[in-house]
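K.L.:
Input structure: model29.cif, which contains mmCIF, C-alpha atoms and all ligand atoms.
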data_my_file
#
loop_
_atom_site.label_atom_id
_atom_site.label_comp_id
_atom_site.auth_asym_id
_atom_site.auth_seq_id
_atom_site.Cartn_x
_atom_site.Cartn_y
_atom_site.Cartn_z
CA MET A 512 53.55 5.23 -31.08
CA GLY A 513 52.68 1.51 -30.91
CA THR A 514 49.55 0.43 -29.07
CA SER A 515 51.13 -1.24 -26.05
CA LYS A 516 53.62 1.57 -25.59
CA ARG A 517 50.86 4.15 -25.82
CA TRP A 518 48.71 2.37 -23.29
CA GLY A 519 51.64 2.06 -20.95
CA SER A 520 52.31 5.76 -21.12
CA VAL A 521 48.67 6.77 -20.62
CA TYR A 522 47.58 4.39 -17.91
CA GLY A 523 50.76 3.04 -16.34
CA LYS A 524 50.07 0.15 -13.99
CA ASP A 525 46.40 1.02 -13.63
CA ASN A 526 45.39 0.05 -17.11
CA PRO A 527 41.59 -0.40 -16.84
CA PHE A 528 41.50 -2.47 -20.00
CA SER A 529 43.93 -5.22 -19.13
CA LEU A 530 41.17 -7.82 -19.29
CA GLN A 531 39.97 -6.61 -22.67
CA GLN A 532 43.51 -6.51 -23.99
CA SER A 533 44.06 -10.09 -22.93
CA VAL A 534 41.02 -11.31 -24.89
CA LEU A 535 41.65 -9.11 -27.90
CA GLN A 536 43.85 -11.64 -29.63
CA GLY A 537 41.13 -14.22 -29.22
CA LEU A 538 38.55 -11.89 -30.73
CA ARG A 539 40.75 -11.23 -33.73
CA ALA A 540 41.24 -14.95 -34.21
CA CYS A 541 37.45 -15.40 -34.08
CA ALA A 542 36.98 -12.69 -36.68
CA LYS A 543 39.45 -14.39 -39.01
CA ALA A 544 37.67 -17.67 -38.55
CA HIS A 545 34.29 -16.09 -39.23
CA LYS A 546 35.00 -15.04 -42.82
CA PRO A 547 38.42 -15.95 -44.10
CA GLY A 548 39.73 -13.38 -46.51
CA ASP A 549 36.89 -10.99 -45.73
CA ASN A 550 36.71 -8.07 -43.33
CA GLY A 551 33.48 -9.41 -41.88
CA PRO A 552 29.83 -8.43 -41.95
CA VAL A 553 30.06 -5.15 -39.99
CA LYS A 554 31.94 -2.16 -41.29
CA PHE A 555 30.30 0.61 -39.29
CA ILE A 556 28.70 0.79 -35.89
CA TRP A 557 26.50 3.59 -34.68
CA PHE A 558 26.00 4.14 -30.97
CA CYS A 559 22.92 6.28 -30.34
CA LEU A 560 23.56 7.31 -26.77
CA CYS A 561 20.83 9.70 -25.87
CA GLY A 562 20.56 10.59 -22.26
CA GLU A 563 17.66 10.49 -19.84
CA GLY A 564 14.55 12.22 -21.08
CA CYS A 565 15.35 11.87 -24.77
CA ALA A 566 12.09 11.67 -26.73
CA CYS A 567 13.34 9.30 -29.45
CA CYS A 568 14.74 6.86 -26.87
CA ALA A 569 11.52 7.01 -24.88
CA ASP A 570 9.58 6.18 -28.04
CA ALA A 571 11.94 3.32 -28.85
CA ALA A 572 11.60 1.99 -25.29
CA ARG A 573 7.82 2.05 -25.55
CA GLN A 574 8.01 0.02 -28.74
CA ARG A 575 10.35 -2.49 -27.13
CA ASP A 576 8.11 -2.93 -24.11
CA ALA A 577 5.63 -4.58 -26.43
CA SER A 578 8.26 -7.06 -27.63
CA ASN A 579 9.33 -7.89 -24.05
CA SER A 580 13.01 -8.06 -24.88
CA ALA A 581 15.61 -7.27 -22.23
CA PRO A 582 17.55 -5.54 -20.77
CA LYS A 583 15.82 -2.21 -20.25
CA ARG A 584 18.50 -0.76 -18.00
CA PRO A 585 21.43 1.38 -19.15
CA LEU A 586 24.45 -0.75 -19.98
CA ALA A 587 27.52 -1.02 -17.77
CA PHE A 588 30.86 0.09 -19.18
CA GLU A 589 32.04 -3.49 -19.63
CA GLU A 590 28.92 -4.19 -21.67
CA TRP A 591 29.65 -1.24 -23.94
CA LEU A 592 33.15 -2.59 -24.43
CA ALA A 593 31.77 -6.03 -25.25
CA ILE A 594 29.66 -4.53 -28.05
CA LEU A 595 32.60 -2.56 -29.35
CA ASP A 596 34.96 -5.53 -29.24
CA GLU A 597 32.56 -7.84 -31.00
CA SER A 598 31.80 -5.34 -33.76
CA ALA A 599 35.52 -4.67 -34.25
CA GLY A 600 36.15 -8.41 -34.32
CA LEU A 601 33.57 -8.68 -37.11
CA GLY A 602 35.27 -6.02 -39.19
CA ALA A 603 34.02 -2.62 -37.97
CA THR A 604 36.55 0.08 -38.77
CA ALA A 605 34.54 3.18 -37.87
CA ALA A 606 32.08 4.12 -35.15
CA VAL A 607 29.95 7.14 -34.49
CA LEU A 608 28.61 8.03 -31.06
CA SER A 609 25.55 10.24 -31.26
CA ILE A 610 25.14 11.97 -27.93
CA GLY A 611 21.76 13.41 -27.04
CA ASP A 612 20.58 15.79 -24.37
CA GLY A 613 22.21 14.05 -21.45
CA TRP A 614 25.45 12.27 -20.76
CA PRO A 615 25.27 8.55 -21.57
CA SER A 616 25.09 6.85 -18.20
CA GLY A 617 27.41 3.91 -17.56
CA LEU A 618 29.75 4.91 -20.36
CA LYS A 619 33.20 6.36 -19.75
CA LEU A 620 33.04 8.05 -23.10
CA TRP A 621 36.64 9.03 -23.70
CA GLU A 622 38.08 5.78 -22.37
CA PHE A 623 35.65 3.97 -24.64
CA CYS A 624 36.84 5.97 -27.67
CA ASP A 625 40.47 5.53 -26.67
CA TRP A 626 39.99 1.77 -26.48
CA ALA A 627 38.34 1.72 -29.92
CA GLU A 628 41.18 3.70 -31.47
CA SER A 629 44.13 2.18 -29.65
CA ALA A 630 43.10 -1.45 -29.48
CA HIS A 631 41.09 -1.75 -32.67
CA GLY A 632 42.44 1.05 -34.84
CA MET A 633 38.91 2.36 -35.40
CA SER A 634 38.02 5.87 -36.46
CA MET A 635 35.70 7.55 -33.99
CA GLY A 636 33.10 10.20 -34.69
CA ILE A 637 31.43 12.16 -31.92
CA HIS A 638 28.09 13.38 -33.24
CA LEU A 639 26.23 16.17 -31.47
CA ALA A 640 22.81 17.24 -32.69
CA LYS A 641 21.05 18.44 -29.58
CA ARG A 642 23.55 20.23 -27.39
CA ALA A 643 27.20 21.22 -27.38
CA LEU A 644 29.57 19.58 -24.95
CA THR A 645 31.43 21.77 -22.51
CA GLU A 646 35.20 22.13 -22.34
CA HIS A 647 35.02 20.42 -18.98
CA GLU A 648 33.17 17.44 -20.47
CA CYS A 649 35.72 17.21 -23.30
CA ALA A 650 38.82 17.42 -21.12
CA GLY A 651 39.09 13.62 -21.14
CA ALA A 652 39.17 13.62 -24.94
CA ASP A 653 42.76 14.78 -24.78
CA VAL A 654 43.94 11.14 -24.78
CA LEU A 655 42.37 10.53 -28.21
CA SER A 656 44.13 10.38 -31.54
CA ARG A 657 43.81 13.59 -33.56
CA CYS A 658 44.02 11.50 -36.73
CA LYS A 659 41.24 9.10 -35.81
CA THR A 660 38.77 11.36 -34.01
CA CYS A 661 36.35 13.82 -35.55
CA PHE A 662 33.53 15.88 -34.03
CA PHE A 663 30.40 16.09 -36.21
CA VAL A 664 28.05 18.76 -34.95
CA ASP A 665 24.82 20.38 -36.02
CA GLU A 666 25.68 23.71 -37.60
CA GLY A 667 23.87 25.51 -34.81
CA LEU A 668 26.31 24.04 -32.30
CA SER A 669 29.55 24.51 -34.21
CA ASP A 670 30.49 27.88 -32.69
CA ALA A 671 30.12 26.46 -29.19
CA MET A 672 32.34 23.50 -30.14
CA ARG A 673 35.21 25.47 -31.75
CA PHE A 674 37.37 24.74 -28.73
CA VAL A 675 37.87 21.16 -29.94
CA GLU A 676 39.75 22.56 -32.95
CA GLU A 677 42.07 24.30 -30.51
CA MET A 678 42.58 20.87 -28.94
CA GLY A 679 43.72 19.66 -32.37
CA PHE A 680 40.58 17.75 -33.41
CA ARG A 681 38.67 18.06 -36.64
CA LEU A 682 35.25 19.67 -36.39
CA VAL A 683 32.67 19.14 -39.15
CA SER A 684 29.57 21.30 -39.16
CA LEU A 685 26.50 19.44 -40.49
CA SER A 686 23.67 21.26 -42.16
CA TYR A 687 21.12 18.56 -42.84
CA GLU A 688 22.61 15.43 -44.35
CA LYS A 689 20.52 14.92 -47.46
CA ASN A 690 19.61 11.36 -48.29
CA ALA A 691 19.00 11.60 -52.03
CA HIS A 692 21.26 8.60 -52.56
CA VAL A 693 18.81 6.22 -50.89
CA THR A 694 16.54 5.71 -53.94
CA PRO A 695 14.70 3.32 -53.92
CA GLU A 696 16.04 2.23 -50.55
CA CYS A 697 19.13 2.75 -48.45
CA THR A 698 21.38 -0.30 -48.40
CA LEU A 699 24.05 1.18 -46.14
CA PRO A 700 22.70 -0.77 -43.13
CA GLN A 701 23.88 -3.98 -44.81
CA ALA A 702 27.29 -3.14 -43.38
CA MET A 703 26.13 -1.23 -40.31
CA THR A 704 24.12 -1.60 -37.17
CA CYS A 705 22.92 0.93 -34.65
CA VAL A 706 23.00 0.31 -30.90
CA GLY A 707 20.71 2.10 -28.49
CA SER A 708 21.41 3.09 -24.90
CA ASP A 709 20.24 -0.25 -23.51
CA GLY A 710 21.96 -2.52 -26.04
CA HIS A 711 19.10 -2.93 -28.49
CA LEU A 712 20.18 -3.18 -32.12
CA TYR A 713 18.48 -1.32 -34.94
CA THR A 714 18.81 -1.28 -38.71
CA CYS A 715 19.65 2.42 -38.60
CA GLY A 716 19.52 5.31 -36.15
CA ILE A 717 16.66 7.05 -37.92
CA VAL A 718 14.26 4.12 -37.49
CA MET A 719 14.73 3.46 -33.78
CA GLN A 720 11.07 4.25 -33.16
CA GLU A 721 9.87 1.69 -35.68
CA PRO A 722 9.39 -1.75 -34.09
CA GLN A 723 10.11 -3.68 -37.29
CA TYR A 724 13.65 -2.25 -37.30
CA ASN A 725 14.44 -3.41 -33.78
CA LEU A 726 16.76 -6.35 -34.44
CA GLY A 727 16.82 -7.59 -30.85
CA ASN A 728 19.19 -7.05 -27.95
CA PHE A 729 22.93 -7.46 -28.41
CA PHE A 730 23.05 -9.73 -25.37
CA ASP A 731 20.34 -12.04 -26.69
CA LYS A 732 21.89 -12.75 -30.09
CA LYS A 733 25.24 -13.05 -31.82
CA LEU A 734 25.96 -9.88 -33.75
CA ALA A 735 27.28 -11.90 -36.70
CA ALA A 736 23.99 -13.81 -36.82
CA VAL A 737 22.01 -10.56 -36.76
CA MET A 738 24.04 -9.04 -39.58
CA THR A 739 23.77 -12.09 -41.81
CA ASP A 740 20.12 -12.92 -41.11
CA PRO A 741 18.19 -12.31 -44.35
CA GLY A 742 14.91 -12.42 -42.44
CA ILE A 743 15.44 -9.09 -40.69
CA PRO A 744 15.66 -5.68 -42.37
CA HIS A 745 19.06 -4.48 -43.51
CA THR A 746 17.75 -1.69 -45.70
CA VAL A 747 15.63 1.40 -45.07
CA PRO A 748 12.97 2.20 -47.68
CA GLU A 749 13.12 5.58 -49.35
CA ASP A 750 9.75 6.71 -48.01
CA ILE A 751 10.89 6.16 -44.42
CA CYS A 752 14.12 8.02 -45.11
CA LYS A 753 12.10 10.93 -46.42
CA THR A 754 9.57 11.04 -43.63
CA HIS A 755 12.21 10.66 -40.93
CA GLY A 756 14.35 13.37 -42.44
CA LYS A 757 17.90 13.83 -41.29
CA CYS A 758 20.62 11.26 -41.80
CA ASP A 759 23.09 13.31 -39.76
CA GLY A 760 25.33 11.06 -37.72
CA CYS A 761 25.11 8.14 -40.15
CA PRO A 762 28.53 6.43 -39.84
CA PRO A 763 29.11 5.70 -43.57
CA LEU A 764 28.24 9.31 -44.43
CA MET A 765 30.31 10.70 -41.57
CA THR A 766 33.26 8.54 -42.63
CA LYS A 767 33.00 10.08 -46.07
CA HIS A 768 33.14 13.56 -44.50
CA PHE A 769 36.15 12.46 -42.52
CA GLU A 770 37.94 11.16 -45.62
CA ASP A 771 37.04 14.31 -47.55
CA SER A 772 38.46 16.49 -44.81
CA ASP A 773 41.61 14.34 -44.91
CA GLU A 774 41.93 14.96 -48.64
CA ALA A 775 41.30 18.68 -48.26
CA ALA A 776 44.01 18.88 -45.59
CA SER A 777 46.60 17.03 -47.69
S1 LIG A 801 21.02 7.31 -41.66
FE1 LIG A 801 20.15 7.58 -43.73
S2 LIG A 801 21.87 7.23 -45.14
FE2 LIG A 801 22.45 6.36 -43.11
S3 LIG A 801 21.86 4.20 -43.15
FE3 LIG A 801 20.14 5.32 -42.26
S4 LIG A 801 18.79 5.80 -44.00
FE4 LIG A 801 20.79 5.25 -44.85
#
Spell out the structure here as structure tokens.
P.N.:
Amino acid sequence: MGTSKRWGSVYGKDNPFSLQQSVLQGLRACAKAHKPGDNGPVKFIWFCLCGEGCACCADAARQRDASNSAPKRPLAFEEWLAILDESAGLGATAAVLSIGDGWPSGLKLWEFCDWAESAHGMSMGIHLAKRALTEHECAGADVLSRCKTCFFVDEGLSDAMRFVEEMGFRLVSLSYEKNAHVTPECTLPQAMTCVGSDGHLYTCGIVMQEPQYNLGNFFDKKLAAVMTDPGIPHTVPEDICKTHGKCDGCPPLMTKHFEDSDEAAS
């Protein structure tokens, strides 16, 4: 079903994204102008959306306090959409949302994913490492594309998340994503950025606690400028990868899982 037809059938006259839809054409034109003949500087975007009380977010916030950059509040839904739209306009084709202990405040999660898939044609991964979602929490996921959505869950949570398979979604159980391919450094962040719960950008989700990998706030800088700035880190050294352990949730790696599961199914 085409995008406009699908939106009409899902939301009728109360389409909450009419404003975003009206500026979408402009964003696509901007993306074309940014790098003619190129998909742009961002291929993957990783939203690390831990809830209140998450230890890694608290650590990251403490590091940011020293740098005095703003905002420190949770983002509003429109701000989340602005980040998504800009990354899609710069070429992002896949996103992963890592959800922590809580529910990301300010984010209408399923509407957000639906917008990414319907308006931008992005593939969406829902990554769960700390707790399973309930059937009630996932009821809103029913609007999402079964071809573009995949749930990536820690193997300890996979039994509790089996119900999403009954909903028609793919479920991938993760048992420690090894990062042997990062020798001597991981260059995947050259086409990826990670966004924290308050809009701060990071080289990668596993270095959110390290101040040198805080690339600034999305609302302070142009994302294109961040991604093409050679003066800020777009790689993660091997020793940090090793000491920080898991790369579960990493969008390029999750996209590979997604493609592999596509191949296995065909
Ligand atoms: S999560 Fe691991 S594999 Fe992915 S970009 Fe970061 S260091 Fe590289």
K.L.:
May I have a table of the residues of chain A lying at most 8 Å from ligand LIG 801 (chain A), giving each one's closest pair of atoms and their distance in Å to one decimal, counting all atoms listed in the file, ordered by chain and ascending residue number, as CSV?
P.N.:
residue,atom,partner,partner_atom,distance
A:Asn690,CA,A:LIG801,S2,5.7
A:His692,CA,A:LIG801,S2,7.6
A:Val693,CA,A:LIG801,FE4,6.4
A:Glu696,CA,A:LIG801,S4,8.0
A:Cys697,CA,A:LIG801,FE4,4.7
A:Thr698,CA,A:LIG801,FE4,6.6
A:Leu699,CA,A:LIG801,S3,4.8
A:Pro700,CA,A:LIG801,S3,5.0
A:Met703,CA,A:LIG801,S3,7.5
A:Thr714,CA,A:LIG801,FE3,7.6
A:Cys715,CA,A:LIG801,FE3,4.7
A:Gly716,CA,A:LIG801,S1,6.1
A:Ile717,CA,A:LIG801,S1,5.8
A:Val718,CA,A:LIG801,FE3,7.7
A:Thr746,CA,A:LIG801,S3,7.6
A:Val747,CA,A:LIG801,S4,5.5
A:Pro748,CA,A:LIG801,S4,7.8
A:Glu749,CA,A:LIG801,S4,7.8
A:Ile751,CA,A:LIG801,S4,7.9
A:Cys752,CA,A:LIG801,S4,5.3
A:Lys757,CA,A:LIG801,FE1,7.1
A:Cys758,CA,A:LIG801,S1,4.0
A:Asp759,CA,A:LIG801,S1,6.6
A:Gly760,CA,A:LIG801,S1,6.9
A:Cys761,CA,A:LIG801,FE2,4.4
A:Pro762,CA,A:LIG801,FE2,6.9
A:Pro763,CA,A:LIG801,FE2,6.7
A:Leu764,CA,A:LIG801,FE2,6.6
K.L.:
So what do you get for CA of Glu770 in chain A versus CA of Gly613 in chain A, distance-wise?
P.N.:
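Going from CA of Glu770 in chain A over to CA of Gly613 in chain A, I get 29.0 Å.
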K.L.:
Counting only C-alpha atoms, which of A:Glu666, A:Val553, A:Glu648, A:Gly727 gets nearest to Leu620 in chain A?
P.N.:
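Checking each candidate against Leu620 in chain A, we get A:Glu648 as the closest.
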K.L.:
Have a look at A:Thr766, A:Thr604, A:Asn725, A:Ser686 and name the one nearest to Cys705 in chain A; count only C-alpha atoms.
P.N.:
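Result for the nearest residue to Cys705 in chain A: A:Asn725.
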K.L.:
How far is it from CA of Leu595 in chain A to CA of Met633 in chain A, in Å with one decimal?
P.N.:
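These atoms are spaced 10.0 Å apart.
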K.L.:
Using all atoms listed in the file, which of the listed residues (A:Thr694, A:Thr660, A:Ser609, A:Ser598) sits closest to Ser629 in chain A?
P.N.:
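Looking only at the distances to Ser629 in chain A, the closest residue turns out to be A:Thr660.
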K.L.:
Which of these residues is nearest to Leu560 in chain A, using all atoms listed in the file: A:Lys732, A:His745, A:Lys641, A:Lys767?
P.N.:
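Between A:Lys732, A:His745, A:Lys641, A:Lys767, the residue approaching Leu560 in chain A most closely is A:Lys641.
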K.L.:
Counting only C-alpha atoms, which residues sit no farther than 10 Å from the position (32.3, 15.2, -44.0) in the file's frame? I'd like them as a ChimeraX atom specification.
P.N.:
/A:661,663,682-685,688,764-773
K.L.:
Nearest to Gly551 in chain A: which of A:Ala587, A:Ala640, A:Leu601, A:Met678 is it, counting all atoms listed in the file?
P.N.:
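Using all atoms listed in the file, the shortest distance to Gly551 in chain A belongs to A:Leu601.
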K.L.:
Between CA of Pro615 in chain A and CA of Ser708 in chain A, what is the distance, to one decimal in Å?
P.N.:
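Here the two named atoms are 7.5 Å from each other.
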K.L.:
Is it possible to get the axis-aligned box enclosing range 740-744 of chain A (all listed atoms, 6 Å extra per side) as lines of an AutoDock Vina configuration file, with centre and edge lengths in Å rounded to one decimal?
P.N.:
center_x = 17.5
center_y = -9.3
center_z = -42.5
size_x = 17.2
size_y = 19.2
size_z = 15.7
K.L.:
Just want the 10 Å neighbourhood of Leu644 in chain A, counted on only C-alpha atoms, with same-chain residues fewer than 5 positions away dropped. Output as a PyMOL selection string.
P.N.:
chain A and resi 610+612-614+639+649+668+671-672+675
K.L.:
Using all atoms listed in the file, which protein or nucleic acid residues come within 10 Å of Glu622 in chain A? Drop anything in the same chain fewer than 3 positions from it, and give the result as an NGL selection string.
P.N.:
:A and (527-528 or 588 or 592 or 618-619 or 625-628 or 651-652 or 654-655)
K.L.:
Between A:Asp653, A:Ala630, A:Cys559, A:Gly602, which residue has the minimum interatomic distance to Tyr713 in chain A, considering only C-alpha atoms?
P.N.:
A:Cys559
K.L.:
Which residues are close to range 737-742 of chain A, i.e. within 8 Å by all atoms listed in the file, leaving aside same-chain residues fewer than 5 positions away? Reply as a list in words.
P.N.:
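Close residues of range 737-742 of chain A: Pro552, Val553, Gln701, Ala702, Thr704, Leu726 and Lys732 of chain A.
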